[in-house]
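Here's my_file-v1.csv, which has CSV, C-alpha atoms and all ligand atoms:
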```csv
chain,number,residue,atom,x,y,z
A,20,MET,CA,7.3,68.0,-66.5
A,21,SER,CA,6.6,71.8,-66.6
A,22,ASN,CA,5.6,73.6,-63.4
A,23,PRO,CA,2.1,72.6,-62.3
A,24,LEU,CA,-0.5,75.2,-63.2
A,25,LYS,CA,-2.5,76.1,-60.1
A,26,ILE,CA,-6.1,76.1,-61.1
A,27,ALA,CA,-9.5,76.8,-59.5
A,28,VAL,CA,-12.5,75.3,-61.2
A,29,LEU,CA,-16.0,76.6,-61.2
A,30,VAL,CA,-18.8,74.1,-61.8
A,31,SER,CA,-22.6,73.7,-61.7
A,32,GLY,CA,-23.3,70.2,-63.0
A,33,SER,CA,-22.1,66.7,-63.6
A,34,GLY,CA,-18.4,67.7,-63.6
A,35,SER,CA,-17.2,65.1,-66.2
A,36,ASN,CA,-14.6,67.6,-67.4
A,37,LEU,CA,-13.5,68.3,-63.8
A,38,GLN,CA,-13.1,64.5,-63.4
A,39,VAL,CA,-10.8,64.4,-66.4
A,40,MET,CA,-8.7,67.1,-64.7
A,41,ILE,CA,-8.7,65.3,-61.4
A,42,ASP,CA,-7.7,62.0,-63.0
A,43,GLY,CA,-4.9,63.6,-65.0
A,44,MET,CA,-3.6,65.4,-62.0
A,45,GLN,CA,-3.7,62.3,-59.7
A,46,ALA,CA,-2.0,60.1,-62.3
A,47,GLY,CA,0.7,62.7,-62.9
A,48,ARG,CA,-0.3,63.0,-66.6
A,49,LEU,CA,-1.4,66.6,-66.3
A,50,PRO,CA,0.9,69.4,-65.0
A,51,ILE,CA,-1.9,71.0,-62.9
A,52,GLN,CA,-2.7,71.4,-59.3
A,53,ILE,CA,-6.4,71.9,-58.6
A,54,VAL,CA,-6.3,74.3,-55.6
A,55,GLY,CA,-10.1,74.3,-55.1
A,56,VAL,CA,-13.5,73.9,-56.7
A,57,ILE,CA,-16.4,76.4,-56.4
A,58,SER,CA,-19.9,75.1,-57.1
A,59,ASN,CA,-23.1,77.2,-57.3
A,60,ASN,CA,-25.3,74.1,-57.1
A,61,ALA,CA,-25.8,72.0,-54.0
A,62,ASP,CA,-27.0,69.0,-56.1
A,63,ALA,CA,-24.2,69.0,-58.6
A,64,TYR,CA,-22.4,65.6,-58.9
A,65,ALA,CA,-19.3,67.7,-59.4
A,66,ASN,CA,-19.4,68.4,-55.7
A,67,THR,CA,-19.1,64.6,-55.0
A,68,ARG,CA,-16.2,64.2,-57.4
A,69,THR,CA,-14.4,67.1,-55.7
A,70,MET,CA,-14.8,65.7,-52.2
A,71,GLN,CA,-13.9,62.2,-53.3
A,72,ALA,CA,-10.7,63.6,-54.7
A,73,GLY,CA,-9.9,65.3,-51.4
A,74,ILE,CA,-10.0,68.8,-53.0
A,75,GLU,CA,-11.4,71.8,-51.2
A,76,LEU,CA,-15.0,72.6,-52.2
A,77,ALA,CA,-16.6,76.0,-51.8
A,78,LEU,CA,-20.3,75.5,-52.2
A,79,LEU,CA,-22.0,78.8,-52.8
A,80,SER,CA,-25.5,78.0,-53.6
A,81,HIS,CA,-27.7,79.3,-50.8
A,82,THR,CA,-27.6,82.1,-48.3
A,83,GLN,CA,-27.8,81.6,-44.6
A,84,SER,CA,-31.5,82.3,-44.7
A,85,GLY,CA,-32.0,79.4,-47.1
A,86,LYS,CA,-32.7,81.5,-50.2
A,87,ARG,CA,-30.9,80.8,-53.5
A,88,MET,CA,-27.8,83.0,-53.6
A,89,SER,CA,-27.9,86.1,-55.9
A,90,ILE,CA,-25.2,86.4,-58.5
A,91,ALA,CA,-23.8,89.4,-56.6
A,92,THR,CA,-23.5,87.5,-53.4
A,93,PHE,CA,-22.0,84.5,-55.2
A,94,GLU,CA,-19.4,86.7,-56.9
A,95,LYS,CA,-18.5,88.4,-53.6
A,96,HIS,CA,-17.7,85.0,-51.9
A,97,ALA,CA,-16.2,83.5,-55.0
A,98,LEU,CA,-13.8,86.4,-55.5
A,99,ALA,CA,-12.6,86.1,-51.8
A,100,GLN,CA,-12.1,82.4,-52.2
A,101,ILE,CA,-10.2,82.8,-55.5
A,102,GLN,CA,-8.0,85.5,-53.9
A,103,ASP,CA,-7.3,83.1,-51.0
A,104,TRP,CA,-6.4,80.2,-53.2
A,105,SER,CA,-4.3,82.5,-55.5
A,106,PRO,CA,-4.5,80.2,-58.6
A,107,ASP,CA,-2.7,80.8,-61.9
A,108,LEU,CA,-5.9,80.2,-63.8
A,109,VAL,CA,-9.7,79.9,-63.3
A,110,VAL,CA,-11.4,77.3,-65.4
A,111,LEU,CA,-15.2,77.4,-66.0
A,112,ALA,CA,-16.1,73.8,-66.6
A,113,GLY,CA,-19.9,73.5,-67.0
A,114,PHE,CA,-20.5,76.6,-64.9
A,115,MET,CA,-23.9,77.8,-65.8
A,116,ARG,CA,-24.2,81.4,-64.6
A,117,VAL,CA,-23.2,84.5,-66.4
A,118,LEU,CA,-20.5,86.4,-64.5
A,119,SER,CA,-20.4,90.2,-64.3
A,120,ALA,CA,-17.8,92.4,-66.0
A,121,ASP,CA,-16.7,93.6,-62.5
A,122,PHE,CA,-16.1,90.1,-61.3
A,123,ILE,CA,-14.2,89.1,-64.4
A,124,ALA,CA,-12.0,92.3,-64.1
A,125,SER,CA,-11.4,91.6,-60.4
A,126,VAL,CA,-10.2,88.0,-60.7
A,127,PRO,CA,-6.4,88.3,-60.5
A,128,CYS,CA,-5.6,85.7,-63.2
A,129,PRO,CA,-7.0,84.6,-66.6
A,130,ILE,CA,-10.4,82.9,-66.7
A,131,ILE,CA,-11.1,80.3,-69.4
A,132,ASN,CA,-14.4,78.6,-70.4
A,133,LEU,CA,-15.3,75.4,-72.2
A,134,HIS,CA,-18.1,76.0,-74.7
A,135,PRO,CA,-19.8,73.2,-76.7
A,136,SER,CA,-19.6,74.8,-80.2
A,137,LEU,CA,-17.1,76.0,-82.7
A,138,LEU,CA,-17.0,79.7,-81.6
A,139,PRO,CA,-17.8,82.3,-82.7
A,140,HIS,CA,-20.7,80.2,-84.0
A,141,TYR,CA,-23.5,79.1,-81.7
A,142,LYS,CA,-22.8,81.1,-78.6
A,143,GLY,CA,-25.2,80.5,-75.7
A,144,LEU,CA,-27.3,77.5,-74.8
A,145,ASN,CA,-28.7,74.4,-76.7
A,146,THR,CA,-25.9,74.4,-79.1
A,147,HIS,CA,-26.2,70.8,-80.3
A,148,ALA,CA,-29.9,71.1,-81.2
A,149,ARG,CA,-29.3,74.4,-83.0
A,150,VAL,CA,-26.4,73.0,-85.0
A,151,LEU,CA,-28.5,70.1,-86.2
A,152,ALA,CA,-31.5,72.3,-87.0
A,153,SER,CA,-29.3,74.4,-89.2
A,154,GLY,CA,-27.9,71.4,-91.0
A,155,GLU,CA,-24.3,72.1,-90.1
A,156,ARG,CA,-21.8,69.6,-91.3
A,157,TYR,CA,-19.3,70.4,-88.6
A,158,HIS,CA,-19.5,71.0,-84.9
A,159,GLY,CA,-17.2,70.7,-81.8
A,160,CYS,CA,-16.1,72.6,-78.8
A,161,SER,CA,-13.9,75.6,-77.9
A,162,VAL,CA,-11.8,76.8,-75.0
A,163,HIS,CA,-11.8,80.5,-74.8
A,164,LEU,CA,-10.8,83.4,-72.6
A,165,VAL,CA,-13.7,84.8,-70.5
A,166,THR,CA,-14.6,88.4,-71.1
A,167,ALA,CA,-17.6,90.6,-70.2
A,168,GLN,CA,-19.2,89.6,-73.6
A,169,LEU,CA,-20.8,86.1,-73.3
A,170,ASP,CA,-18.8,83.4,-75.2
A,171,ALA,CA,-17.0,86.1,-77.1
A,172,GLY,CA,-13.4,86.1,-75.6
A,173,LYS,CA,-10.4,85.0,-77.7
A,174,VAL,CA,-10.6,81.4,-78.7
A,175,LEU,CA,-7.5,79.4,-77.6
A,176,THR,CA,-8.3,75.9,-78.8
A,177,GLN,CA,-11.0,74.1,-80.7
A,178,ALA,CA,-11.8,70.4,-81.5
A,179,ASN,CA,-13.9,69.6,-84.5
A,180,LEU,CA,-16.1,66.7,-85.6
A,181,ALA,CA,-18.4,66.0,-88.5
A,182,THR,CA,-22.1,65.8,-87.8
A,183,HIS,CA,-23.9,62.5,-88.8
A,184,ALA,CA,-27.0,62.4,-90.9
A,185,GLY,CA,-30.1,61.7,-88.7
A,186,GLU,CA,-28.1,62.2,-85.5
A,187,THR,CA,-30.0,63.3,-82.4
A,188,ALA,CA,-28.9,66.2,-80.2
A,189,ASP,CA,-28.3,63.8,-77.3
A,190,ARG,CA,-26.0,61.6,-79.4
A,191,LEU,CA,-24.1,64.7,-80.8
A,192,ALA,CA,-23.8,66.1,-77.2
A,193,LYS,CA,-22.1,62.8,-76.1
A,194,ARG,CA,-19.7,62.9,-79.0
A,195,VAL,CA,-18.8,66.5,-78.3
A,196,GLN,CA,-18.3,65.8,-74.7
A,197,ARG,CA,-15.8,63.1,-75.6
A,198,LEU,CA,-13.9,65.8,-77.5
A,199,GLU,CA,-14.0,68.1,-74.6
A,200,HIS,CA,-12.4,65.4,-72.4
A,201,GLN,CA,-9.4,65.5,-74.8
A,202,LEU,CA,-9.4,69.2,-75.5
A,203,VAL,CA,-9.4,70.4,-71.9
A,204,PRO,CA,-6.3,68.4,-70.8
A,205,LEU,CA,-4.4,69.3,-74.0
A,206,THR,CA,-5.2,73.0,-73.5
A,207,LEU,CA,-4.0,73.0,-69.9
A,208,THR,CA,-0.8,71.1,-70.8
A,209,MET,CA,-0.1,73.8,-73.5
A,210,MET,CA,-0.7,76.5,-70.9
A,211,ALA,CA,1.5,74.9,-68.3
A,212,SER,CA,4.3,74.6,-70.8
A,213,GLY,CA,4.0,78.2,-72.0
A,214,LEU,CA,2.9,77.3,-75.5
A,215,ILE,CA,-0.3,79.2,-74.8
A,216,ASP,CA,0.0,82.3,-72.6
A,217,ALA,CA,-3.6,83.1,-71.5
A,218,ALA,CA,-2.5,86.2,-69.6
A,219,ASN,CA,-1.1,87.7,-72.8
A,220,THR,CA,-2.1,85.7,-75.8
A,221,SER,CA,0.3,87.5,-78.2
A,222,ASN,CA,3.1,85.9,-76.2
A,223,SER,CA,1.8,82.4,-77.2
A,224,GLN,CA,4.3,80.3,-79.1
A,225,ILE,CA,1.6,78.9,-81.4
A,226,ASP,CA,-0.9,80.6,-83.7
A,227,LEU,CA,-4.3,80.8,-81.9
A,228,PRO,CA,-6.8,79.3,-82.1
A,229,LEU,CA,-5.3,75.9,-82.3
A,230,ARG,CA,-7.8,73.8,-84.3
A,231,LEU,CA,-7.8,70.0,-83.9
A,232,TRP,CA,-9.6,67.1,-85.4
A,233,PHE,CA,-10.1,64.2,-83.1
A,234,ASP,CA,-12.4,62.0,-85.2
B,301,LIG,C1,-19.8,70.8,-71.2
B,301,LIG,O1,-20.5,70.3,-72.3
B,301,LIG,C2,-19.4,72.2,-71.5
B,301,LIG,O2,-19.1,72.4,-72.9
B,301,LIG,C3,-20.5,73.1,-71.1
B,301,LIG,O3,-21.0,72.4,-69.9
B,301,LIG,C4,-20.8,71.0,-70.0
B,301,LIG,C5,-20.2,70.6,-68.7
B,301,LIG,O4,-20.2,69.2,-68.6
B,301,LIG,N1,-20.0,74.4,-70.8
B,301,LIG,P1,-19.5,68.6,-67.3
B,301,LIG,O5,-20.2,69.2,-66.1
B,301,LIG,O6,-18.1,68.8,-67.4
B,301,LIG,O7,-19.9,67.1,-67.4
```

What would you get if you wrote out this structure as structure tokens?
Amino acid sequence: MSNPLKIAVLVSGSGSNLQVMIDGMQAGRLPIQIVGVISNNADAYANTRTMQAGIELALLSHTQSGKRMSIATFEKHALAQIQDWSPDLVVLAGFMRVLSADFIASVPCPIINLHPSLLPHYKGLNTHARVLASGERYHGCSVHLVTAQLDAGKVLTQANLATHAGETADRLAKRVQRLEHQLVPLTLTMMASGLIDAANTSNSQIDLPLRLWFD
């Protein structure tokens, strides 16, 4: 197996994609080492998943005075934590705050994000409902580099599916999430093996973006 990719994961919610990474790492299927998880939400189930796996959790949700942490304070602590862990890659997996250009430039490794649409289409929130409202025949998810422009960095990989007539946004979200659970480990494996070079995408050994059909 290729050298494990040291990754730090940022989360805000359920953490099902984090769980896929944890399971793959623990089973020896995925060439990654999760060096730590940063959460900005004290109630996130992702926190429980992290602790159950025995992975270091940095919970940055409130200040000492009990107030919700500002994004500037979050970024200050998150940057120090990332520098301490010294990962090869930062993965945003359901991280729901917009990061500043300064923070992105200061992080000493590439940052990737998982987004529930076929970028560059449907940036932002509520992608599944918007896709259905527009009558799109296809939808999916993307892994892309994080830049100062929201959801606009280079797309590395995408997984596609066909929408179904009469489908609800919830049902479509569940189908897209199942795609994410395949796309994330595949993308990390390709990064660990050097097929995708996130630090300099022109060095990648495959044409980007890699587009996949899973169903
Ligand atoms: C995913 O659908 C991802 O596309 C979006 O946030 C969701 C995170 O889900 N950015 P989970 O926390 O991994 O379950």

How many Å lie between CA of Leu24 in chain A and CA of Leu137 in chain A, rounded to one decimal?
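Computing the Euclidean distance for CA of Leu24 in chain A and CA of Leu137 in chain A yields 25.6 Å.
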
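Each of A:Gly213, A:Gly85, A:Gly32, A:Gly154 was checked against ligand LIG 301 (chain B) using all atoms listed in the file; the smallest atom-to-atom distance is that of A:Gly32.
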
Check which residues fall inside 6 Å of ligand LIG 301 (chain B) when counting all atoms listed in the file, and print them as a list in words.
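Here is the list of contacting residues: Gly32, Ser33, Gly34, Ser35, Asn36, Leu37, Ala112, Gly113, Leu133, His134, Pro135 and Gln196 of chain A.
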
Interatomic distance (Å, one decimal) between CA of Ala178 in chain A and CA of Thr67 in chain A:
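We find that CA of Ala178 in chain A and CA of Thr67 in chain A lie 28.1 Å from each other.
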
Could you give me, as a PDB file with C-alpha atoms, in the frame of the given file, the residues within 12 Å of range 218-230 of chain A, counting all atoms listed in the file and dropping anything in the same chain fewer than 5 positions from it?
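Below you can see out.pdb, which holds the result:
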```pdb
ATOM      1  CA  ASP A 107      -2.700  80.800 -61.900  1.00  0.00           C
ATOM      2  CA  LEU A 108      -5.900  80.200 -63.800  1.00  0.00           C
ATOM      3  CA  VAL A 109      -9.700  79.900 -63.300  1.00  0.00           C
ATOM      4  CA  VAL A 126     -10.200  88.000 -60.700  1.00  0.00           C
ATOM      5  CA  PRO A 127      -6.400  88.300 -60.500  1.00  0.00           C
ATOM      6  CA  CYS A 128      -5.600  85.700 -63.200  1.00  0.00           C
ATOM      7  CA  PRO A 129      -7.000  84.600 -66.600  1.00  0.00           C
ATOM      8  CA  ILE A 130     -10.400  82.900 -66.700  1.00  0.00           C
ATOM      9  CA  ILE A 131     -11.100  80.300 -69.400  1.00  0.00           C
ATOM     10  CA  LEU A 137     -17.100  76.000 -82.700  1.00  0.00           C
ATOM     11  CA  LEU A 138     -17.000  79.700 -81.600  1.00  0.00           C
ATOM     12  CA  PRO A 139     -17.800  82.300 -82.700  1.00  0.00           C
ATOM     13  CA  GLY A 159     -17.200  70.700 -81.800  1.00  0.00           C
ATOM     14  CA  CYS A 160     -16.100  72.600 -78.800  1.00  0.00           C
ATOM     15  CA  SER A 161     -13.900  75.600 -77.900  1.00  0.00           C
ATOM     16  CA  VAL A 162     -11.800  76.800 -75.000  1.00  0.00           C
ATOM     17  CA  HIS A 163     -11.800  80.500 -74.800  1.00  0.00           C
ATOM     18  CA  LEU A 164     -10.800  83.400 -72.600  1.00  0.00           C
ATOM     19  CA  VAL A 165     -13.700  84.800 -70.500  1.00  0.00           C
ATOM     20  CA  GLY A 172     -13.400  86.100 -75.600  1.00  0.00           C
ATOM     21  CA  LYS A 173     -10.400  85.000 -77.700  1.00  0.00           C
ATOM     22  CA  VAL A 174     -10.600  81.400 -78.700  1.00  0.00           C
ATOM     23  CA  LEU A 175      -7.500  79.400 -77.600  1.00  0.00           C
ATOM     24  CA  THR A 176      -8.300  75.900 -78.800  1.00  0.00           C
ATOM     25  CA  GLN A 177     -11.000  74.100 -80.700  1.00  0.00           C
ATOM     26  CA  ALA A 178     -11.800  70.400 -81.500  1.00  0.00           C
ATOM     27  CA  ASN A 179     -13.900  69.600 -84.500  1.00  0.00           C
ATOM     28  CA  LEU A 180     -16.100  66.700 -85.600  1.00  0.00           C
ATOM     29  CA  LEU A 202      -9.400  69.200 -75.500  1.00  0.00           C
ATOM     30  CA  LEU A 205      -4.400  69.300 -74.000  1.00  0.00           C
ATOM     31  CA  THR A 206      -5.200  73.000 -73.500  1.00  0.00           C
ATOM     32  CA  MET A 209      -0.100  73.800 -73.500  1.00  0.00           C
ATOM     33  CA  MET A 210      -0.700  76.500 -70.900  1.00  0.00           C
ATOM     34  CA  ALA A 211       1.500  74.900 -68.300  1.00  0.00           C
ATOM     35  CA  SER A 212       4.300  74.600 -70.800  1.00  0.00           C
ATOM     36  CA  GLY A 213       4.000  78.200 -72.000  1.00  0.00           C
TER      37      GLY A 213
END
```

Find the spatial neighbours of range 120-123 of chain A, counting only C-alpha atoms, within a cut-off of 7 Å - ignore same-chain residues fewer than 2 positions away - and output them as a PyMOL selection string.
chain A and resi 94+118+125-126+166-167

For each of A:Ala217, A:Ile53, A:Val39, A:Ile26, take the minimum atom-to-atom distance to Arg197 in chain A, counting only C-alpha atoms, then give the residue where this is smallest.
A:Val39

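Computed from the coordinates, the CA of Lys142 in chain A to CA of Leu169 in chain A distance equals 7.6 Å.
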
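When all atoms listed in the file are used to measure the gap to Arg116 in chain A, the shortest distance among A:His183, A:Val203, A:Ser153, A:Leu29 belongs to A:Leu29.
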
Would you mind telling me which residue in A:Ala152, A:Ala61, A:Ala27, A:Ala171 lies nearest to Ala184 in chain A when using all atoms listed in the file?
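Result for the nearest residue to Ala184 in chain A: A:Ala152.
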
Do you know which residues are at most 10 Å from Thr82 in chain A counting all atoms listed in the file, after dropping those on the same chain fewer than 4 positions away, and could you put them as a ChimeraX atom specification?
/A:86-89,92-93
